[in-house]
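Participant: Contents are CSV, C-alpha atoms; file name model33.csv:
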chain,number,residue,atom,x,y,z
A,40,MET,CA,86.3,117.8,133.2
A,41,LYS,CA,87.9,118.3,129.8
A,42,TYR,CA,85.9,120.6,127.5
A,43,GLN,CA,85.9,123.1,124.7
A,44,VAL,CA,83.6,126.0,124.1
A,45,GLN,CA,83.1,127.3,120.6
A,46,GLU,CA,80.5,130.1,120.3
A,47,ASN,CA,77.3,128.4,121.6
A,48,CYS,CA,78.6,124.9,121.3
A,49,LEU,CA,80.1,122.9,124.2
A,50,THR,CA,82.2,119.8,123.5
A,51,ILE,CA,82.6,117.6,126.6
A,52,PHE,CA,85.5,115.1,126.3
A,53,LEU,CA,84.2,112.3,128.5
A,54,PRO,CA,86.6,110.4,130.8
A,55,ASN,CA,87.7,106.8,130.4
A,56,GLU,CA,85.0,105.6,132.7
A,57,LEU,CA,81.6,107.4,133.0
A,58,ASP,CA,80.0,106.2,136.2
A,59,HIS,CA,78.1,107.9,139.0
A,60,HIS,CA,81.4,109.1,140.6
A,61,ASN,CA,82.5,110.9,137.4
A,62,ALA,CA,79.0,111.9,136.3
A,63,GLU,CA,78.6,114.2,139.3
A,64,GLU,CA,81.4,116.5,138.3
A,65,ILE,CA,80.4,116.6,134.6
A,66,ARG,CA,76.8,117.4,135.5
A,67,ARG,CA,77.9,120.3,137.8
A,68,GLU,CA,80.5,121.8,135.5
A,69,SER,CA,78.6,121.4,132.3
A,70,ASP,CA,75.5,123.1,133.8
A,71,HIS,CA,77.6,126.0,134.9
A,72,LEU,CA,79.1,126.3,131.4
A,73,ILE,CA,75.8,126.1,129.7
A,74,GLU,CA,74.4,128.9,131.7
A,75,LYS,CA,77.5,131.1,131.6
A,76,ASN,CA,78.3,130.8,127.8
A,77,HIS,CA,74.7,130.6,126.5
A,78,ILE,CA,75.3,127.1,125.2
A,79,ARG,CA,72.7,125.7,122.7
A,80,TYR,CA,74.6,122.6,121.5
A,81,VAL,CA,76.4,120.0,123.6
A,82,ILE,CA,78.7,117.4,121.9
A,83,PHE,CA,79.6,114.4,124.0
A,84,ASP,CA,83.0,113.1,122.8
A,85,PHE,CA,83.4,109.4,123.6
A,86,GLU,CA,86.9,109.1,122.1
A,87,GLU,CA,88.5,108.0,125.5
A,88,THR,CA,85.5,106.3,127.0
A,89,ASN,CA,85.5,102.5,127.5
A,90,PHE,CA,82.9,102.2,130.2
A,91,MET,CA,79.5,103.8,130.9
A,92,ASP,CA,76.6,102.8,133.0
A,93,SER,CA,73.1,104.3,133.5
A,94,SER,CA,74.6,107.4,135.3
A,95,GLY,CA,76.1,108.4,132.0
A,96,ILE,CA,72.6,108.0,130.4
A,97,GLY,CA,71.3,110.3,133.2
A,98,VAL,CA,73.9,112.9,132.3
A,99,ILE,CA,72.9,112.9,128.7
A,100,MET,CA,69.2,113.0,129.4
A,101,GLY,CA,69.7,115.8,131.9
A,102,ARG,CA,71.6,118.0,129.5
A,103,TYR,CA,69.1,117.2,126.7
A,104,LYS,CA,66.2,118.4,128.9
A,105,ARG,CA,68.0,121.6,129.7
A,106,LEU,CA,69.0,122.4,126.1
A,107,TYR,CA,65.6,121.4,124.7
A,108,MET,CA,64.0,124.1,126.7
A,109,LEU,CA,66.4,126.6,125.2
A,110,GLY,CA,65.8,125.3,121.7
A,111,GLY,CA,69.2,123.4,121.5
A,112,GLU,CA,70.4,119.8,120.9
A,113,VAL,CA,72.8,117.2,122.1
A,114,CYS,CA,74.9,114.8,120.0
A,115,ALA,CA,77.6,112.1,120.4
A,116,VAL,CA,80.8,111.5,118.5
A,117,HIS,CA,83.6,108.9,118.5
A,118,THR,CA,81.4,106.2,120.0
A,119,SER,CA,82.8,102.7,120.2
A,120,GLU,CA,80.7,99.7,119.5
A,121,ARG,CA,80.1,99.1,123.2
A,122,MET,CA,79.1,102.7,123.8
A,123,ARG,CA,76.6,102.6,120.8
A,124,LYS,CA,75.1,99.4,122.3
A,125,ILE,CA,74.5,101.1,125.6
A,126,LEU,CA,73.2,104.3,124.1
A,127,THR,CA,70.9,102.4,121.8
A,128,MET,CA,69.6,100.1,124.5
A,129,SER,CA,68.8,102.9,126.8
A,130,GLY,CA,66.7,104.6,124.0
A,131,VAL,CA,68.7,107.8,124.4
A,132,THR,CA,69.4,107.6,120.6
A,133,LYS,CA,65.8,108.8,120.0
A,134,ILE,CA,66.7,112.2,121.3
A,135,MET,CA,70.4,112.3,120.4
A,136,GLN,CA,72.2,111.9,117.0
A,137,ILE,CA,75.4,109.8,116.9
A,138,TYR,CA,77.8,111.1,114.4
A,139,GLU,CA,80.4,108.7,113.1
A,140,GLU,CA,82.8,111.1,111.3
A,141,ASP,CA,84.8,114.0,112.6
A,142,GLN,CA,82.8,117.2,112.5
B,994,MET,CA,83.0,71.1,145.3
B,995,GLU,CA,85.2,71.1,142.3
B,996,ASN,CA,85.1,73.8,139.8
B,997,THR,CA,83.9,76.3,142.3
B,998,ASN,CA,85.5,79.5,143.6
B,999,GLU,CA,84.3,82.2,145.9
B,1000,MET,CA,85.2,85.6,147.1
B,1001,GLN,CA,83.8,88.3,149.3
B,1002,LEU,CA,84.4,92.0,149.1
B,1003,ILE,CA,83.4,94.5,151.8
B,1004,PHE,CA,84.0,98.2,151.2
B,1005,ASP,CA,82.8,101.7,152.1
B,1006,SER,CA,79.8,103.1,150.2
B,1007,ARG,CA,81.8,105.9,148.6
B,1008,SER,CA,81.3,106.7,144.9
B,1009,SER,CA,85.1,106.5,144.4
B,1010,ASN,CA,84.8,102.7,145.2
B,1011,GLU,CA,82.5,102.0,142.3
B,1012,SER,CA,85.3,101.5,139.9
B,1013,PHE,CA,87.2,99.4,142.4
B,1014,ALA,CA,84.2,97.1,142.9
B,1015,ARG,CA,83.6,96.4,139.2
B,1016,VAL,CA,87.2,95.9,138.4
B,1017,THR,CA,87.6,93.5,141.3
B,1018,VAL,CA,84.7,91.4,140.1
B,1019,ALA,CA,86.0,91.5,136.6
B,1020,ALA,CA,89.4,90.2,137.8
B,1021,PHE,CA,87.7,87.5,139.8
B,1022,MET,CA,85.7,86.2,136.8
B,1023,THR,CA,88.7,85.9,134.5
B,1024,SER,CA,89.1,82.2,135.4
B,1025,LEU,CA,85.9,81.5,133.5
B,1026,ASN,CA,87.7,82.8,130.4
B,1027,PRO,CA,85.1,85.4,129.4
B,1028,THR,CA,85.0,87.5,126.3
B,1029,VAL,CA,85.6,91.3,126.5
B,1030,GLU,CA,81.9,91.7,125.9
B,1031,GLU,CA,81.0,89.5,128.8
B,1032,VAL,CA,83.4,91.3,131.2
B,1033,SER,CA,81.9,94.6,130.1
B,1034,ASP,CA,78.4,93.3,130.8
B,1035,VAL,CA,79.3,92.2,134.3
B,1036,LYS,CA,81.1,95.5,135.0
B,1037,THR,CA,78.1,97.5,134.0
B,1038,ALA,CA,75.7,95.4,136.1
B,1039,VAL,CA,78.0,95.6,139.2
B,1040,SER,CA,78.3,99.4,138.7
B,1041,GLU,CA,74.5,99.7,138.6
B,1042,ALA,CA,74.0,97.7,141.8
B,1043,VAL,CA,76.7,99.4,143.7
B,1044,THR,CA,75.5,102.9,142.6
B,1045,ASN,CA,72.0,102.0,143.8
B,1046,ALA,CA,73.3,101.0,147.2
B,1047,ILE,CA,75.2,104.2,147.5
B,1048,ILE,CA,72.6,106.7,146.4
B,1049,HIS,CA,69.4,104.9,147.3
B,1050,GLY,CA,70.3,102.4,150.0
B,1051,TYR,CA,72.5,104.6,152.1
B,1052,GLU,CA,71.5,108.0,150.6
B,1053,ASN,CA,75.2,109.0,150.4
B,1054,GLU,CA,76.1,108.1,154.0
B,1055,VAL,CA,79.2,105.9,154.3
B,1056,HIS,CA,78.5,102.4,155.5
B,1057,SER,CA,79.5,98.9,154.2
B,1058,ILE,CA,78.6,97.3,150.9
B,1059,CYS,CA,79.2,93.6,150.6
B,1060,ILE,CA,79.7,91.8,147.3
B,1061,ARG,CA,79.7,88.0,147.3
B,1062,CYS,CA,80.9,86.3,144.1
B,1063,ARG,CA,80.9,82.6,143.3
B,1064,THR,CA,81.8,80.7,140.1
B,1065,GLU,CA,80.4,77.3,139.6
B,1066,ALA,CA,81.2,75.5,136.3
B,1067,LYS,CA,80.5,78.2,133.7
B,1068,THR,CA,78.2,80.4,135.8
B,1069,LEU,CA,79.1,83.5,137.7
B,1070,TYR,CA,76.8,84.2,140.8
B,1071,LEU,CA,76.8,87.7,142.2
B,1072,GLU,CA,75.2,89.1,145.4
B,1073,ILE,CA,75.5,92.8,146.2
B,1074,GLU,CA,74.2,93.6,149.6
B,1075,ASP,CA,73.6,96.8,151.5
B,1076,GLU,CA,72.0,97.4,154.9
B,1077,GLY,CA,70.4,100.6,153.9
B,1078,LYS,CA,66.8,101.8,153.9
B,1079,GLY,CA,65.5,99.1,151.5
B,1080,ILE,CA,63.0,99.4,148.7
B,1081,GLU,CA,59.3,99.8,149.4
B,1082,ASP,CA,57.9,98.6,146.1
B,1083,VAL,CA,60.5,96.4,144.3
B,1084,GLU,CA,58.3,95.8,141.3
B,1085,GLN,CA,57.9,99.5,140.7
B,1086,ALA,CA,61.6,100.2,141.3
B,1087,MET,CA,62.4,97.7,138.6
B,1088,GLU,CA,60.3,99.4,136.0
B,1089,PRO,CA,62.3,101.1,133.2
B,1090,LEU,CA,62.7,104.8,133.7
B,1091,PHE,CA,61.2,104.8,137.2
B,1092,THR,CA,63.3,106.7,139.6
B,1093,THR,CA,62.8,108.3,143.0
B,1094,LYS,CA,65.6,110.8,142.4
B,1095,PRO,CA,64.9,112.5,139.0
B,1096,GLU,CA,66.4,115.8,140.3
B,1097,GLN,CA,69.8,114.1,140.6
B,1098,ASP,CA,69.6,113.2,136.9
B,1099,ARG,CA,69.1,109.5,137.6
B,1100,SER,CA,67.9,107.9,134.4
B,1101,GLY,CA,65.9,105.1,136.1
B,1102,MET,CA,67.6,102.5,134.0
B,1103,GLY,CA,69.7,100.7,136.6
B,1104,PHE,CA,67.7,97.6,137.0
B,1105,SER,CA,66.9,97.5,133.3
B,1106,PHE,CA,70.6,97.4,132.5
B,1107,MET,CA,71.2,94.7,135.1
B,1108,GLU,CA,68.4,92.7,133.6
B,1109,ALA,CA,69.7,93.2,130.0
B,1110,PHE,CA,73.3,92.4,130.8
B,1111,MET,CA,72.9,89.4,133.1
B,1112,ASP,CA,71.1,86.1,132.7
B,1113,HIS,CA,69.2,86.3,135.9
B,1114,LEU,CA,68.2,89.0,138.3
B,1115,GLU,CA,66.5,88.9,141.7
B,1116,VAL,CA,66.0,91.7,144.2
B,1117,VAL,CA,65.3,90.9,147.8
B,1118,SER,CA,64.4,94.0,149.8
B,1119,ALA,CA,62.1,95.5,152.5
B,1120,PRO,CA,61.9,98.9,154.0
B,1121,GLY,CA,64.5,99.3,156.8
B,1122,LYS,CA,65.9,95.8,156.0
B,1123,GLY,CA,68.4,96.6,153.3
B,1124,THR,CA,68.7,95.2,149.8
B,1125,VAL,CA,70.3,92.2,148.2
B,1126,VAL,CA,70.6,92.1,144.4
B,1127,LYS,CA,71.3,88.6,143.2
B,1128,MET,CA,72.5,88.1,139.6
B,1129,GLU,CA,73.8,85.3,137.5
B,1130,LYS,CA,75.6,85.1,134.2
B,1131,ILE,CA,76.6,82.1,132.2
B,1132,ILE,CA,80.0,82.7,130.6
B,1133,GLY,CA,80.8,81.3,127.2
B,1134,LYS,CA,77.2,80.7,126.2
B,1135,GLY,CA,77.0,79.2,122.7
B,1136,ARG,CA,80.7,79.5,122.3
B,1137,LYS,CA,82.5,76.4,121.0
B,1138,LEU,CA,85.7,75.3,122.6
B,1139,TRP,CA,88.9,75.8,120.5
B,1140,THR,CA,90.3,72.4,119.8
B,1141,VAL,CA,93.8,72.2,118.6
B,1142,GLN,CA,94.8,69.1,116.8
B,1143,SER,CA,98.2,67.7,117.8
B,1144,LEU,CA,100.7,67.1,115.0
In structure tokens, how does this file's structure come out?
Facilitator:
Amino acid sequence: MKYQVQENCLTIFLPNELDHHNAEEIRRESDHLIEKNHIRYVIFDFEETNFMDSSGIGVIMGRYKRLYMLGGEVCAVHTSERMRKILTMSGVTKIMQIYEEDQ
Amino acid sequence: MENTNEMQLIFDSRSSNESFARVTVAAFMTSLNPTVEEVSDVKTAVSEAVTNAIIHGYENEVHSICIRCRTEAKTLYLEIEDEGKGIEDVEQAMEPLFTTKPEQDRSGMGFSFMEAFMDHLEVVSAPGKGTVVKMEKIIGKGRKLWTVQSL
């Protein structure tokens, strides 16, 4: 998993295809990092991502639940039109902001 | 029959085969001349069904998953079959957000995605009898043919 930690913020650079196979690793590693680095904010970077299914939605919802308990948030950046469609359809946009511009 | 084409794909229920399965189906459907959007829709639906077979049908044991694909005129027919443990209550399983594995971060949106991205979805399953997910998608719906006038 490609990631970057800045203070209490974790940026996850998602892979080209986010399915059940890839989601497992991201779930495991991000949970470890969240605990170890006292993370409060997770940014999902979709720059490289062309494919996502409901396993990806599961990863986002799972991290949201975790951070929400700690008073944190999740957000998404660099989403393509296809990714926005899937995120909106799943309703996950109700708990997660999508930012269009670079932070 | 004319204008029909068929293929069958049998592979191990390993999560690493998920991308193989959806890319293969995507390659098969190219003869229908789909848009990028339509290919993405089918790939997502295949991914959902195969993931279900792996985690719910076989509960991560390695057995065979069979995908049958058929094109007839403009329609793509898909059947994804496992011989796993089957679904007790199909109606409940198809409800949005319902999942039997919330601890594994399953969103419970698999069937909702299949329904949204395909034109028809049918699930045949019984406990101990495995599951067949049947889907259809009409390719090129509402799209006009390009006509090129000769000089």
Participant: Using only C-alpha atoms, what does the table of chain B residues within 9 Å of chain A look like, with each row giving the shortest atom pair and its distance in Å to one decimal, sorted by chain and ascending number, as a tab-separated table?
Facilitator:
residue	atom	partner	partner_atom	distance
B:Arg1007	CA	A:His60	CA	8.6
B:Ser1008	CA	A:His60	CA	4.9
B:Ser1009	CA	A:His60	CA	5.9
B:Asn1010	CA	A:His60	CA	8.6
B:Glu1011	CA	A:His60	CA	7.4
B:Ser1012	CA	A:Asp58	CA	8.0
B:Glu1030	CA	A:Arg121	CA	8.1
B:Ser1033	CA	A:Phe90	CA	7.7
B:Lys1036	CA	A:Phe90	CA	8.4
B:Thr1037	CA	A:Asp92	CA	5.6
B:Ala1038	CA	A:Asp92	CA	8.1
B:Ser1040	CA	A:Asp92	CA	6.9
B:Glu1041	CA	A:Asp92	CA	6.7
B:Thr1044	CA	A:His59	CA	6.7
B:Pro1095	CA	A:Gly97	CA	8.9
B:Gln1097	CA	A:Gly97	CA	8.5
B:Asp1098	CA	A:Gly97	CA	5.0
B:Arg1099	CA	A:Gly97	CA	5.0
B:Ser1100	CA	A:Gly97	CA	4.3
B:Gly1101	CA	A:Ser93	CA	7.7
B:Met1102	CA	A:Ser93	CA	5.8
B:Gly1103	CA	A:Ser93	CA	5.8
B:Ser1105	CA	A:Ser129	CA	8.7
B:Phe1106	CA	A:Ser93	CA	7.4
B:Ala1109	CA	A:Met128	CA	8.8
Participant: Mind writing the picked residues with C-alpha atoms as an mmCIF file, in the frame of the given file?
Facilitator:
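Output (part-v4.cif):
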data_model
loop_
_atom_site.group_PDB
_atom_site.id
_atom_site.type_symbol
_atom_site.label_atom_id
_atom_site.label_comp_id
_atom_site.auth_asym_id
_atom_site.auth_seq_id
_atom_site.Cartn_x
_atom_site.Cartn_y
_atom_site.Cartn_z
ATOM 1 C CA ARG B 1007 81.800 105.900 148.600
ATOM 2 C CA SER B 1008 81.300 106.700 144.900
ATOM 3 C CA SER B 1009 85.100 106.500 144.400
ATOM 4 C CA ASN B 1010 84.800 102.700 145.200
ATOM 5 C CA GLU B 1011 82.500 102.000 142.300
ATOM 6 C CA SER B 1012 85.300 101.500 139.900
ATOM 7 C CA GLU B 1030 81.900 91.700 125.900
ATOM 8 C CA SER B 1033 81.900 94.600 130.100
ATOM 9 C CA LYS B 1036 81.100 95.500 135.000
ATOM 10 C CA THR B 1037 78.100 97.500 134.000
ATOM 11 C CA ALA B 1038 75.700 95.400 136.100
ATOM 12 C CA SER B 1040 78.300 99.400 138.700
ATOM 13 C CA GLU B 1041 74.500 99.700 138.600
ATOM 14 C CA THR B 1044 75.500 102.900 142.600
ATOM 15 C CA PRO B 1095 64.900 112.500 139.000
ATOM 16 C CA GLN B 1097 69.800 114.100 140.600
ATOM 17 C CA ASP B 1098 69.600 113.200 136.900
ATOM 18 C CA ARG B 1099 69.100 109.500 137.600
ATOM 19 C CA SER B 1100 67.900 107.900 134.400
ATOM 20 C CA GLY B 1101 65.900 105.100 136.100
ATOM 21 C CA MET B 1102 67.600 102.500 134.000
ATOM 22 C CA GLY B 1103 69.700 100.700 136.600
ATOM 23 C CA SER B 1105 66.900 97.500 133.300
ATOM 24 C CA PHE B 1106 70.600 97.400 132.500
ATOM 25 C CA ALA B 1109 69.700 93.200 130.000
#
Participant: Just to confirm, what's the straight-line distance from CA of Met1107 in chain B to CA of Val1043 in chain B in Å (one decimal)?
Facilitator: 11.2 Å
Participant: One decimal, in Å: what's the spacing between CA of Val1125 in chain B and CA of Ile1058 in chain B?
Facilitator: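 Separation between CA of Val1125 in chain B and CA of Ile1058 in chain B: 10.1 Å.
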Participant: With all atoms listed in the file as the atoms that count, which of B:Glu1031, B:Asp1005, B:Glu1115, B:Glu1074 lies nearest to Gly1133 in chain B?
Facilitator: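 For Gly1133 in chain B, the nearest of the candidates is B:Glu1031.
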Participant: Nearest to Lys1094 in chain B: which of B:Ile1048, B:Met1111, B:Ala1119, B:Ile1080 is it, counting only C-alpha atoms?
Facilitator: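 Smallest distance to Lys1094 in chain B is found for B:Ile1048.
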